[in-house]
Each structure stands twice: as C-alpha cells, then as structure tokens.
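What follows is the content of upload.pdb (PDB, C-alpha atoms).
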```
ATOM      1  CA  MET A 267      61.840  14.634  15.784
ATOM      2  CA  LEU A 268      63.341  11.417  14.426
ATOM      3  CA  GLN A 269      65.523  13.057  11.770
ATOM      4  CA  ARG A 270      66.551  16.081  13.848
ATOM      5  CA  PHE A 271      67.722  13.919  16.760
ATOM      6  CA  LEU A 272      68.882  10.865  14.835
ATOM      7  CA  LEU A 273      72.034  10.490  16.935
ATOM      8  CA  PHE A 274      70.004  10.475  20.155
ATOM      9  CA  TRP A 275      67.665   7.756  18.862
ATOM     10  CA  LEU A 276      70.643   5.755  17.593
ATOM     11  CA  ILE A 277      72.258   5.791  21.030
ATOM     12  CA  LEU A 278      68.955   5.013  22.761
ATOM     13  CA  LEU A 279      68.017   2.100  20.503
ATOM     14  CA  SER A 280      71.541   0.662  20.651
ATOM     15  CA  ALA A 281      71.463   0.859  24.465
ATOM     16  CA  VAL A 282      68.122  -0.964  24.489
ATOM     17  CA  ALA A 283      69.564  -3.655  22.203
ATOM     18  CA  VAL A 284      72.688  -4.089  24.340
ATOM     19  CA  PHE A 285      70.830  -4.238  27.666
ATOM     20  CA  TRP A 286      67.710  -6.026  26.417
ATOM     21  CA  ASP A 287      68.295  -9.155  28.500
ATOM     22  CA  GLN A 288      68.595  -7.089  31.679
ATOM     23  CA  LEU A 289      65.617  -4.887  30.833
ATOM     24  CA  ILE A 290      63.139  -7.533  29.651
ATOM     25  CA  PRO A 291      62.889 -10.808  31.647
ATOM     26  CA  PHE A 292      61.857 -12.931  28.646
ATOM     27  CA  ASP A 293      63.898 -15.493  26.740
ATOM     28  CA  PHE A 294      63.527 -13.622  23.455
ATOM     29  CA  HIS A 295      65.834 -10.973  21.986
ATOM     30  CA  PRO A 296      64.083  -9.213  19.077
ATOM     31  CA  PHE A 297      67.313  -7.620  17.819
ATOM     32  CA  HIS A 298      69.216 -10.903  17.735
ATOM     33  CA  ALA A 299      66.199 -12.705  16.270
ATOM     34  CA  SER A 300      66.089 -10.196  13.403
ATOM     35  CA  LYS A 301      69.662 -10.869  12.244
ATOM     36  CA  PRO A 302      68.714 -13.319   9.428
ATOM     37  CA  TYR A 303      66.313 -10.737   8.003
ATOM     38  CA  LEU A 304      68.519  -7.636   8.029
ATOM     39  CA  SER A 305      69.356  -7.867   4.330
ATOM     40  CA  TYR A 306      65.635  -7.984   3.444
ATOM     41  CA  LEU A 307      64.974  -5.051   5.752
ATOM     42  CA  PHE A 308      67.728  -3.059   4.075
ATOM     43  CA  ALA A 309      66.430  -3.869   0.575
ATOM     44  CA  LEU A 310      62.971  -2.685   1.638
ATOM     45  CA  THR A 311      64.552   0.479   3.034
ATOM     46  CA  MET A 312      66.271   1.196  -0.283
ATOM     47  CA  PHE A 313      62.939   0.629  -2.057
ATOM     48  CA  VAL A 314      61.364   3.258   0.212
ATOM     49  CA  ILE A 315      64.251   5.668  -0.359
ATOM     50  CA  GLY A 316      63.876   5.219  -4.112
ATOM     51  CA  ALA A 317      60.185   6.075  -3.799
ATOM     52  CA  LEU A 318      61.115   9.240  -1.892
ATOM     53  CA  LEU A 319      63.537  10.498  -4.569
ATOM     54  CA  PRO A 320      61.965  13.500  -6.320
ATOM     55  CA  ALA A 321      61.865  13.149 -10.103
ATOM     56  CA  ASP A 322      63.428  16.588 -10.586
ATOM     57  CA  GLU A 323      66.399  15.605  -8.401
ATOM     58  CA  VAL A 324      67.024  12.539 -10.555
ATOM     59  CA  ARG A 325      66.910  14.694 -13.692
ATOM     60  CA  GLU A 326      69.421  17.043 -12.063
ATOM     61  CA  VAL A 327      71.954  14.197 -12.021
ATOM     62  CA  PHE A 328      71.974  14.262 -15.831
ATOM     63  CA  ARG A 329      71.791  18.040 -16.148
ATOM     64  CA  ARG A 330      74.767  18.633 -13.841
ATOM     65  CA  TRP A 331      76.591  15.406 -14.614
ATOM     66  CA  HIS A 332      80.069  16.998 -14.592
ATOM     67  CA  THR A 333      79.805  18.410 -11.041
ATOM     68  CA  VAL A 334      77.997  15.281  -9.808
ATOM     69  CA  LEU A 335      80.585  12.905 -11.275
ATOM     70  CA  SER A 336      83.477  15.006  -9.954
ATOM     71  CA  GLY A 337      81.958  14.883  -6.469
ATOM     72  CA  THR A 338      81.346  11.134  -6.741
ATOM     73  CA  PHE A 339      84.947  10.664  -7.900
ATOM     74  CA  VAL A 340      86.132  12.455  -4.752
ATOM     75  CA  GLN A 341      83.854  10.235  -2.648
ATOM     76  CA  TYR A 342      85.195   7.010  -4.145
ATOM     77  CA  THR A 343      88.877   7.964  -4.019
ATOM     78  CA  VAL A 344      89.289   9.863  -0.749
ATOM     79  CA  MET A 345      87.351   7.522   1.548
ATOM     80  CA  PRO A 346      88.702   4.173   0.266
ATOM     81  CA  GLY A 347      92.230   5.617   0.354
ATOM     82  CA  LEU A 348      91.869   6.855   3.934
ATOM     83  CA  ALA A 349      90.268   3.592   5.034
ATOM     84  CA  TYR A 350      93.065   1.535   3.483
ATOM     85  CA  LEU A 351      95.747   3.603   5.219
ATOM     86  CA  MET A 352      94.041   3.312   8.610
ATOM     87  CA  SER A 353      93.440  -0.412   8.124
ATOM     88  CA  LEU A 354      97.209  -0.955   7.996
ATOM     89  CA  PHE A 355      97.254  -0.409  11.771
ATOM     90  CA  PHE A 356      95.131  -3.583  12.134
ATOM     91  CA  LEU A 357      97.233  -6.016  10.117
ATOM     92  CA  ASN A 358      97.108  -8.471  13.021
ATOM     93  CA  ASN A 359      93.294  -8.490  12.892
ATOM     94  CA  PRO A 360      92.124  -9.296   9.328
ATOM     95  CA  GLU A 361      88.421  -9.007  10.208
ATOM     96  CA  LEU A 362      88.714  -5.465  11.536
ATOM     97  CA  ARG A 363      90.925  -4.535   8.603
ATOM     98  CA  ILE A 364      88.318  -5.668   6.066
ATOM     99  CA  GLY A 365      85.596  -3.926   8.070
ATOM    100  CA  ILE A 366      87.485  -0.634   8.029
ATOM    101  CA  ILE A 367      88.050  -0.859   4.265
ATOM    102  CA  LEU A 368      84.337  -1.602   3.872
ATOM    103  CA  VAL A 369      83.593   1.651   5.731
ATOM    104  CA  GLY A 370      85.561   3.556   3.111
ATOM    105  CA  CYS A 371      84.161   1.988  -0.046
ATOM    106  CA  VAL A 372      80.396   2.057   0.587
ATOM    107  CA  PRO A 373      78.469   5.052  -0.833
ATOM    108  CA  GLY A 374      77.495   8.123   1.155
ATOM    109  CA  ALA A 375      74.741   8.022   3.745
ATOM    110  CA  MET A 376      71.226   9.373   3.209
ATOM    111  CA  ALA A 377      71.634  11.227   6.526
ATOM    112  CA  SER A 378      74.067  13.555   4.744
ATOM    113  CA  ASN A 379      71.107  15.054   2.870
ATOM    114  CA  VAL A 380      69.379  15.960   6.139
ATOM    115  CA  LEU A 381      72.549  17.433   7.646
ATOM    116  CA  THR A 382      73.254  19.371   4.440
ATOM    117  CA  LEU A 383      69.885  21.043   4.903
ATOM    118  CA  ALA A 384      70.789  21.894   8.503
ATOM    119  CA  ALA A 385      74.195  23.207   7.383
ATOM    120  CA  ARG A 386      72.612  25.599   4.836
ATOM    121  CA  GLY A 387      74.241  23.594   2.047
ATOM    122  CA  ASN A 388      72.957  22.684  -1.414
ATOM    123  CA  VAL A 389      70.504  19.851  -0.677
ATOM    124  CA  SER A 390      69.814  19.189  -4.367
ATOM    125  CA  TYR A 391      73.507  18.586  -5.018
ATOM    126  CA  SER A 392      73.732  16.364  -1.924
ATOM    127  CA  VAL A 393      70.833  14.201  -3.122
ATOM    128  CA  CYS A 394      72.415  13.929  -6.580
ATOM    129  CA  LEU A 395      75.714  12.799  -5.066
ATOM    130  CA  THR A 396      74.057  10.214  -2.816
ATOM    131  CA  THR A 397      71.958   8.853  -5.676
ATOM    132  CA  THR A 398      74.883   8.568  -8.091
ATOM    133  CA  ALA A 399      77.237   6.966  -5.548
ATOM    134  CA  THR A 400      74.520   4.490  -4.542
ATOM    135  CA  LEU A 401      73.762   3.463  -8.127
ATOM    136  CA  LEU A 402      77.485   3.070  -8.907
ATOM    137  CA  SER A 403      78.158   1.009  -5.772
ATOM    138  CA  PRO A 404      77.812  -2.416  -7.509
ATOM    139  CA  LEU A 405      80.811  -1.477  -9.657
ATOM    140  CA  ILE A 406      82.955   0.308  -7.062
ATOM    141  CA  VAL A 407      82.508  -1.687  -3.846
ATOM    142  CA  PRO A 408      83.377  -5.120  -5.345
ATOM    143  CA  LEU A 409      86.590  -3.682  -6.790
ATOM    144  CA  PHE A 410      87.820  -2.358  -3.458
ATOM    145  CA  LEU A 411      86.815  -5.505  -1.571
ATOM    146  CA  TYR A 412      88.662  -7.573  -4.169
ATOM    147  CA  LEU A 413      91.795  -5.512  -3.538
ATOM    148  CA  ALA A 414      91.271  -5.719   0.236
ATOM    149  CA  VAL A 415      91.204  -9.533   0.422
ATOM    150  CA  ALA A 416      93.625 -10.330  -2.425
ATOM    151  CA  GLY A 417      96.397 -12.507  -1.069
ATOM    152  CA  THR A 418      94.320 -13.848   1.847
ATOM    153  CA  ASP A 419      92.548 -17.188   2.197
ATOM    154  CA  ILE A 420      89.315 -15.544   0.948
ATOM    155  CA  ASP A 421      88.409 -16.111  -2.711
ATOM    156  CA  ALA A 422      88.676 -12.506  -3.935
ATOM    157  CA  VAL A 423      87.022 -13.142  -7.310
ATOM    158  CA  GLN A 424      84.014 -14.907  -5.810
ATOM    159  CA  LEU A 425      83.723 -12.208  -3.159
ATOM    160  CA  ALA A 426      83.646  -9.502  -5.846
ATOM    161  CA  ILE A 427      80.951 -11.377  -7.765
ATOM    162  CA  ASP A 428      78.846 -11.937  -4.642
ATOM    163  CA  THR A 429      79.209  -8.275  -3.688
ATOM    164  CA  PHE A 430      78.104  -7.128  -7.139
ATOM    165  CA  VAL A 431      75.023  -9.368  -7.062
ATOM    166  CA  LYS A 432      74.023  -8.373  -3.528
ATOM    167  CA  LEU A 433      74.395  -4.656  -4.213
ATOM    168  CA  LEU A 434      72.364  -5.060  -7.380
ATOM    169  CA  LEU A 435      69.586  -6.934  -5.566
ATOM    170  CA  GLN A 436      69.625  -5.034  -2.275
ATOM    171  CA  VAL A 437      70.401  -1.496  -3.450
ATOM    172  CA  VAL A 438      70.134  -0.631  -7.137
ATOM    173  CA  ILE A 439      67.041  -2.628  -8.164
ATOM    174  CA  PRO A 440      65.012  -1.634  -5.057
ATOM    175  CA  VAL A 441      65.901   2.059  -5.505
ATOM    176  CA  ILE A 442      64.944   2.061  -9.189
ATOM    177  CA  ALA A 443      61.778   0.020  -8.580
ATOM    178  CA  GLY A 444      60.635   2.297  -5.756
ATOM    179  CA  HIS A 445      61.300   5.411  -7.789
ATOM    180  CA  LEU A 446      59.481   4.165 -10.888
ATOM    181  CA  LEU A 447      56.483   2.959  -8.885
ATOM    182  CA  ALA A 448      56.202   6.304  -7.085
ATOM    183  CA  ARG A 449      56.291   8.170 -10.396
ATOM    184  CA  LYS A 450      53.592   5.927 -11.894
ATOM    185  CA  ASN A 451      51.267   5.836  -8.866
ATOM    186  CA  GLN A 452      50.508   9.105  -7.087
ATOM    187  CA  ARG A 453      48.640   7.416  -4.219
ATOM    188  CA  PHE A 454      51.646   5.229  -3.510
ATOM    189  CA  SER A 455      53.914   8.270  -3.745
ATOM    190  CA  ARG A 456      51.826  10.207  -1.210
ATOM    191  CA  PHE A 457      51.786   7.177   1.101
ATOM    192  CA  MET A 458      55.573   6.930   0.909
ATOM    193  CA  GLN A 459      55.945  10.647   1.631
ATOM    194  CA  LEU A 460      53.856  10.103   4.754
ATOM    195  CA  ILE A 461      55.560   7.058   6.288
ATOM    196  CA  GLY A 462      58.739   6.607   4.203
ATOM    197  CA  PRO A 463      61.194   8.862   6.075
ATOM    198  CA  THR A 464      60.233   7.424   9.469
ATOM    199  CA  PHE A 465      60.459   3.832   8.233
ATOM    200  CA  ALA A 466      63.823   4.371   6.497
ATOM    201  CA  ASN A 467      65.397   5.994   9.547
ATOM    202  CA  LEU A 468      64.027   3.428  11.992
ATOM    203  CA  SER A 469      65.194   0.495   9.875
ATOM    204  CA  ILE A 470      68.767   1.817   9.641
ATOM    205  CA  LEU A 471      68.769   2.479  13.398
ATOM    206  CA  TRP A 472      67.521  -1.067  14.013
ATOM    207  CA  ILE A 473      70.234  -2.587  11.798
ATOM    208  CA  ILE A 474      73.037  -0.673  13.533
ATOM    209  CA  ALA A 475      71.654  -1.412  17.018
ATOM    210  CA  THR A 476      71.471  -5.121  16.147
ATOM    211  CA  ILE A 477      75.087  -5.246  14.939
ATOM    212  CA  ILE A 478      76.301  -3.375  18.041
ATOM    213  CA  SER A 479      74.357  -5.738  20.322
ATOM    214  CA  LEU A 480      75.695  -8.865  18.597
ATOM    215  CA  ASN A 481      79.282  -7.603  18.960
ATOM    216  CA  GLN A 482      79.116  -5.866  22.350
ATOM    217  CA  ASN A 483      81.731  -8.109  23.987
ATOM    218  CA  ARG A 484      84.217  -7.701  21.126
ATOM    219  CA  LEU A 485      83.513  -3.981  20.984
ATOM    220  CA  GLN A 486      84.797  -3.565  24.535
ATOM    221  CA  GLN A 487      88.111  -5.155  23.528
ATOM    222  CA  VAL A 488      88.823  -2.989  20.466
ATOM    223  CA  PHE A 489      86.800   0.167  21.122
ATOM    224  CA  LEU A 490      89.541   2.764  21.686
ATOM    225  CA  SER A 491      91.845   1.797  18.810
ATOM    226  CA  LEU A 492      88.977   1.217  16.379
ATOM    227  CA  ALA A 493      87.159   4.416  17.374
ATOM    228  CA  ALA A 494      90.367   6.427  16.897
ATOM    229  CA  ALA A 495      90.958   4.970  13.425
ATOM    230  CA  LEU A 496      87.370   5.627  12.334
ATOM    231  CA  LEU A 497      87.461   9.175  13.710
ATOM    232  CA  VAL A 498      90.599   9.937  11.671
ATOM    233  CA  ILE A 499      88.910   8.612   8.521
ATOM    234  CA  ASN A 500      85.832  10.714   9.238
ATOM    235  CA  ILE A 501      87.600  14.010  10.016
ATOM    236  CA  LEU A 502      90.038  13.726   7.112
ATOM    237  CA  GLY A 503      87.121  12.799   4.851
ATOM    238  CA  TYR A 504      85.426  16.102   5.713
ATOM    239  CA  LEU A 505      88.673  18.016   5.222
ATOM    240  CA  PHE A 506      89.528  16.512   1.837
ATOM    241  CA  GLY A 507      85.917  16.813   0.709
ATOM    242  CA  TYR A 508      85.895  20.537   1.420
ATOM    243  CA  LEU A 509      89.307  21.088  -0.185
ATOM    244  CA  ALA A 510      88.271  19.104  -3.263
ATOM    245  CA  GLY A 511      85.200  21.320  -3.573
ATOM    246  CA  ALA A 512      87.473  24.340  -3.620
ATOM    247  CA  VAL A 513      89.728  22.750  -6.254
ATOM    248  CA  VAL A 514      86.823  22.095  -8.655
ATOM    249  CA  LYS A 515      85.514  25.622  -7.878
ATOM    250  CA  LEU A 516      82.194  24.726  -6.265
ATOM    251  CA  ASP A 517      80.340  27.471  -4.434
ATOM    252  CA  GLU A 518      80.159  27.385  -0.626
ATOM    253  CA  ALA A 519      76.758  25.664  -0.466
ATOM    254  CA  LYS A 520      77.907  22.829  -2.748
ATOM    255  CA  ARG A 521      81.195  22.513  -0.877
ATOM    256  CA  ARG A 522      79.280  21.903   2.330
ATOM    257  CA  ALA A 523      77.159  19.262   0.579
ATOM    258  CA  LEU A 524      80.249  17.532  -0.811
ATOM    259  CA  THR A 525      82.022  17.688   2.554
ATOM    260  CA  LEU A 526      79.187  15.950   4.387
ATOM    261  CA  GLU A 527      78.679  13.471   1.558
ATOM    262  CA  VAL A 528      82.326  12.405   1.592
ATOM    263  CA  GLY A 529      82.638  12.149   5.372
ATOM    264  CA  MET A 530      79.373  10.316   6.016
ATOM    265  CA  GLN A 531      79.101   6.711   4.854
ATOM    266  CA  ASN A 532      76.147   4.347   4.466
ATOM    267  CA  ALA A 533      76.907   2.381   7.611
ATOM    268  CA  GLY A 534      73.725   0.344   7.354
ATOM    269  CA  LEU A 535      74.744  -0.970   3.949
ATOM    270  CA  GLY A 536      78.252  -1.711   5.190
ATOM    271  CA  ALA A 537      76.977  -3.654   8.189
ATOM    272  CA  VAL A 538      74.494  -5.689   6.134
ATOM    273  CA  LEU A 539      77.091  -6.450   3.448
ATOM    274  CA  ALA A 540      79.571  -7.607   6.082
ATOM    275  CA  SER A 541      77.011  -9.945   7.642
ATOM    276  CA  ASP A 542      75.959 -11.400   4.274
ATOM    277  CA  LEU A 543      79.366 -11.698   2.642
ATOM    278  CA  PHE A 544      81.355 -12.922   5.640
ATOM    279  CA  PRO A 545      79.177 -15.376   7.601
ATOM    280  CA  GLY A 546      80.746 -16.402  10.881
ATOM    281  CA  LYS A 547      82.987 -13.305  10.910
ATOM    282  CA  GLU A 548      80.721 -10.883  12.756
ATOM    283  CA  LEU A 549      83.597  -8.589  13.715
ATOM    284  CA  ILE A 550      83.786  -7.314  10.117
ATOM    285  CA  ALA A 551      80.382  -5.645  10.571
ATOM    286  CA  LEU A 552      81.530  -3.746  13.670
ATOM    287  CA  PRO A 553      83.513  -0.891  12.000
ATOM    288  CA  PRO A 554      80.599   0.164   9.739
ATOM    289  CA  ALA A 555      78.181   0.053  12.679
ATOM    290  CA  LEU A 556      80.489   2.044  14.954
ATOM    291  CA  TYR A 557      81.255   4.519  12.170
ATOM    292  CA  MET A 558      77.618   5.596  12.095
ATOM    293  CA  PHE A 559      77.902   6.877  15.673
ATOM    294  CA  GLY A 560      81.003   8.876  14.822
ATOM    295  CA  CYS A 561      79.838  10.393  11.550
ATOM    296  CA  MET A 562      76.411  11.287  12.960
ATOM    297  CA  LEU A 563      78.054  13.059  15.910
ATOM    298  CA  THR A 564      80.680  14.947  13.910
ATOM    299  CA  GLY A 565      78.297  15.625  11.030
ATOM    300  CA  THR A 566      75.716  17.117  13.385
ATOM    301  CA  ILE A 567      78.346  19.319  15.028
ATOM    302  CA  LEU A 568      79.712  20.476  11.664
ATOM    303  CA  ALA A 569      76.214  21.228  10.354
ATOM    304  CA  GLN A 570      75.428  23.297  13.466
ATOM    305  CA  VAL A 571      78.680  25.246  13.153
ATOM    306  CA  TRP A 572      77.961  26.079   9.514
ATOM    307  CA  SER A 573      74.345  26.946  10.283
ATOM    308  CA  ARG A 574      75.305  29.378  13.045
ATOM    309  CA  LYS A 575      78.044  30.865  10.885
ATOM    310  CA  GLN A 576      75.501  31.470   8.114
ATOM    311  CA  LYS A 577      73.016  33.037  10.524
ATOM    312  CA  PHE A 578      75.731  35.307  11.926
ATOM    313  CA  LYS A 579      76.754  36.339   8.404
ATOM    314  CA  GLU A 580      73.152  37.083   7.393
ATOM    315  CA  THR A 581      72.586  39.091  10.587
ATOM    316  CA  ALA A 582      75.741  41.118   9.983
ATOM    317  CA  GLU A 583      74.691  41.808   6.382
ATOM    318  CA  ASP A 584      71.219  42.937   7.506
ATOM    319  CA  GLN A 585      72.712  45.269  10.071
ATOM    320  CA  SER A 586      75.119  46.650   7.479
ATOM    321  CA  GLU A 587      72.246  47.335   5.064
ATOM    322  CA  GLU A 588      70.258  49.078   7.817
ATOM    323  CA  THR A 589      73.256  51.249   8.655
ATOM    324  CA  LEU A 590      73.733  52.230   5.014
ATOM    325  CA  SER A 591      70.042  53.016   4.556
ATOM    326  CA  THR A 592      70.032  55.357   7.565
TER     327      THR A 592
END
```
Produce structure tokens that represent the structure in this file.
Amino acid sequence: MLQRFLLFWLILLSAVAVFWDQLIPFDFHPFHASKPYLSYLFALTMFVIGALLPADEVREVFRRWHTVLSGTFVQYTVMPGLAYLMSLFFLNNPELRIGIILVGCVPGAMASNVLTLAARGNVSYSVCLTTTATLLSPLIVPLFLYLAVAGTDIDAVQLAIDTFVKLLLQVVIPVIAGHLLARKNQRFSRFMQLIGPTFANLSILWIIATIISLNQNRLQQVFLSLAAALLVINILGYLFGYLAGAVVKLDEAKRRALTLEVGMQNAGLGAVLASDLFPGKELIALPPALYMFGCMLTGTILAQVWSRKQKFKETAEDQSEETLST
C-alpha cells in the first residue's frame, strides 16, 4: 500500500506537516523539531537500502558493467545539463539556482525501481543503475556543485570537499555497511526484508514533508515558475533517457528502466544535502523537495501507460495465436 500509492502518502504527509499548527493545538511541531536530525535519518535510510540490495543484483553491476556504465553516464550528463539550462532562468535568485542544479546532479531515486516494475521494465537493470549512480555520487555531485557556485561568494573548493565527505558518510558507507551486514547475518537480512521497505519510504516522505513545511511561505511566492522549470527537467529527462537507450541499442524493457532512472532523482538526498551544506539558506532545499512531487506524479503516469500498453500487446498476441490455432 505504501509503495503503490507513494504519491498519495507524500501529499498527505506534506499536508499534515504544513497544517500541523492548525490541526494540533500544541506548541510542538514534530516535523520542524526533526530538522537537525534529517541527515542522520537519511544515513540510516541508506543503511537500510544497502541491506535490502540483493547480492545477485550487486554482482550484475560487474557482469553488465558496459550497459550499466553507459546508463549511468546518461544519468550524469543529461540531468545536470538540463538542470543547468533551466537554472539560467533564475539568475536573480542564487539559492533557487543552486537548488535546481542540485536536483540535476544527485543520483537516481530508489522509487524508480518500484515504478520500473510497474512499467514492465527491467528491474534488475534499474537496481544496477541506481546502485552505481549512488556509489559514484561522492565523485560526481561535488564536481557539479563546484561548477555551480564558482564565481560566487561561496568557497567552491571547500563546498566540493564538504559534499564529498557528506556523501561518503551519509550515502556510500551506510549502503556498503548495510549490504555487508545483511550478507553476513541472515537474521538481520530477514528483519530488514520485513521492515526495511516501509522504513525507507516513510523516512524519505518525512524528509520531504519537513522541507516543504519549513519553506511553505517561500513556496507560495515561487511555485509556478519553479514548478514549470522542474517539470521541463523531468519530462526532457524521460525523453532523453529513452532516446539514449535506443542509441546504445537497449531492448524495450531496459529502455524503460533507463528512462525512469534518468527522470527520477533522489530528492531526499538533495534536500538533506542542501540543508547540511548551505545552513541559513533553506530555499536551496526547496527545488529537490518539490521535484519529488513532480517526478512521482509523472513517473507513476508513465509507468501506468507502459503497463497498459504491454497488457494490450500481450492480449493482442494471445488473440492472434488463438486465431491461428483455430
């Protein structure tokens, strides 16, 4: 229920966070109170996700390294390029501009794996792409953030170093540690299989709802222009992802996986990074948080379209075979 209707729960939890003060007559806001701990929550989430990674999927990364690396290359060229172009429309707002670029340079979202399954795509390839992009993020994200803030009053070199360290501590090490522990301890692995998916989804939803709640007043001021820019990045990301799959001659199932992987970004990571790296500049975290709404909506629609198309094709083939047999 949680994974199938992730967009619904995202909207519901964000609404609760935004209207908490009106709903609950107590002088305590759990979402706002959790802000200092979001980075720890995200690191724990990545640890859980690492524990959920099947060993055979990790081995597939090395077996199919050429198709995985080509897909990851598309991910880390198309999305940063699109984000940079769209950020040029916000030159008068440096915080939003950095936030939009951050949307483009973070790795793909874990939700893409779920939607790939719904879209009748190659889930194994999707998991390989997500894993590789996530593990490479400490090298890729600092580079693009360095380029994004070069020439501003922000120390670009120090920012790149801080980004590398945070991604290493909050993403790569937790993923590897969770995966190794799950492989060594079967009881822990079974426990993670039981509660891991629910915890991971809820924690990402909580992070996004918190960022939206903290920035609700600013969101009202920039919503239309920012939403339009993020939607363009998202739609063109899907388009270029699918076309790139055709160029490297992937089959249809892998093309769908690559399309969703490119268009869907790890908004939770982007929001947490923005809060940690740019204290006092909360607006930078808004584009990644808002992007999750957009990519979940469009990704769900795209997955449903592909799923129905596949069902229609299979039905037509069955009917054709029955006709020939009679």
Between A:Leu490, A:Ala416, A:Ile364, A:Leu539, which is the closest to Thr429 (chain A) once you count only C-alpha atoms?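 Under the stated criterion, the closest residue is A:Leu539.
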Could you write out as an mmCIF file with C-alpha atoms, in the frame of the given file the residues that the PyMOL selection byres ((chain A and resi 450-459) around 12) matches in the shown file?
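And here is the file that came out, expr34.cif:
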```
data_model
loop_
_atom_site.group_PDB
_atom_site.id
_atom_site.type_symbol
_atom_site.label_atom_id
_atom_site.label_comp_id
_atom_site.auth_asym_id
_atom_site.auth_seq_id
_atom_site.Cartn_x
_atom_site.Cartn_y
_atom_site.Cartn_z
ATOM 1 C CA THR A 311 64.552 0.479 3.034
ATOM 2 C CA PHE A 313 62.939 0.629 -2.057
ATOM 3 C CA VAL A 314 61.364 3.258 0.212
ATOM 4 C CA ILE A 315 64.251 5.668 -0.359
ATOM 5 C CA GLY A 316 63.876 5.219 -4.112
ATOM 6 C CA ALA A 317 60.185 6.075 -3.799
ATOM 7 C CA LEU A 318 61.115 9.240 -1.892
ATOM 8 C CA LEU A 319 63.537 10.498 -4.569
ATOM 9 C CA PRO A 320 61.965 13.500 -6.320
ATOM 10 C CA ALA A 321 61.865 13.149 -10.103
ATOM 11 C CA ALA A 443 61.778 0.020 -8.580
ATOM 12 C CA GLY A 444 60.635 2.297 -5.756
ATOM 13 C CA HIS A 445 61.300 5.411 -7.789
ATOM 14 C CA LEU A 446 59.481 4.165 -10.888
ATOM 15 C CA LEU A 447 56.483 2.959 -8.885
ATOM 16 C CA ALA A 448 56.202 6.304 -7.085
ATOM 17 C CA ARG A 449 56.291 8.170 -10.396
ATOM 18 C CA LEU A 460 53.856 10.103 4.754
ATOM 19 C CA ILE A 461 55.560 7.058 6.288
ATOM 20 C CA GLY A 462 58.739 6.607 4.203
ATOM 21 C CA PRO A 463 61.194 8.862 6.075
ATOM 22 C CA THR A 464 60.233 7.424 9.469
ATOM 23 C CA PHE A 465 60.459 3.832 8.233
ATOM 24 C CA ALA A 466 63.823 4.371 6.497
#
```
For a test of reading the model, state the distance in Å between CA of Ala384 (chain A) and CA of Ala475 (chain A), rounded to one decimal. 24.8 Å
Contacts of region 570-576 of chain A at 10 Å or less, counting all atoms listed in the file, minus same-chain residues fewer than 5 places along, as a list in words?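 Residues meeting the cut-off are Leu381, Thr382, Leu383, Ala384, Ala385, Arg386, Gly387, Arg522, Thr564, Gly565, Thr581 and Ala582 of chain A.
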Which polymer residues have any atom within 8 Å of an atom of Asn379 (chain A), counting all atoms listed in the file, with same-chain residues fewer than 6 positions away left out, as a PyMOL selection string? chain A and resi 389+392-393+523+527
Polymer residues at most 9 Å from Val514 (chain A), all atoms listed in the file, same-chain spacing of 4 or more positions, as a ChimeraX atom specification: /A:333,336-337,509-510
Coordinates-based distance that separates CA of Gln482 (chain A) from CA of Pro296 (chain A) (Å, one decimal): 15.7 Å
Near-Leu543 (chain A) list (9 Å; only C-alpha atoms; drop same-chain fewer than 6 positions) as an MDAnalysis selection string: chainID A and resid 425 428:429 432
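Restricting the calculation to all atoms listed in the file, the smallest distance between Glu518 (chain A) and any of A:Ser300, A:Asn500, A:Asn388, A:Ser378 is found for A:Asn388.
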Quick one: residues within 12 Å of Ile499 (chain A), all atoms listed in the file counted, chain neighbours fewer than 2 positions away excluded, as a PyMOL selection string? chain A and resi 344-353+366-367+369-371+492-497+501-507+528-531+553-554+557+560-561+564
Just say which residues the PyMOL selection byres ((chain A and resi 399) around 12) picks in this file, as a PyMOL selection string. chain A and resi 327+334-343+371-376+392-398+400-407+437-438+524+527-528+531-532
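Residue nearest Ser491 (chain A) within the list A:Phe355, A:Tyr303, A:Phe430, A:Phe544: A:Phe355 [criterion: smallest interatomic distance, only C-alpha atoms].
The interatomic distance for the pair CA of Gly365 (chain A) and CA of Ala551 (chain A) works out to 6.0 Å.
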Kindly indicate which residue among A:Leu516, A:Phe274, A:Ala540, A:Phe294 lies nearest to His332 (chain A), using only C-alpha atoms for the distances. A:Leu516
Residue among A:Val415, A:Val488, A:Leu480, A:Leu552 lying closest to Ala283 (chain A), counting all atoms listed in the file: A:Leu480
I'd like to see the residues matched by the PyMOL selection byres ((chain A and resi 272) around 12) on this file, and ideally I'd get them as JSON, numbers by chain. {"A": [267, 268, 269, 270, 271, 273, 274, 275, 276, 277, 278, 279, 376, 377, 378, 380, 381, 463, 464, 466, 467, 468, 470, 471, 558, 559, 561, 562, 563, 565, 566]}
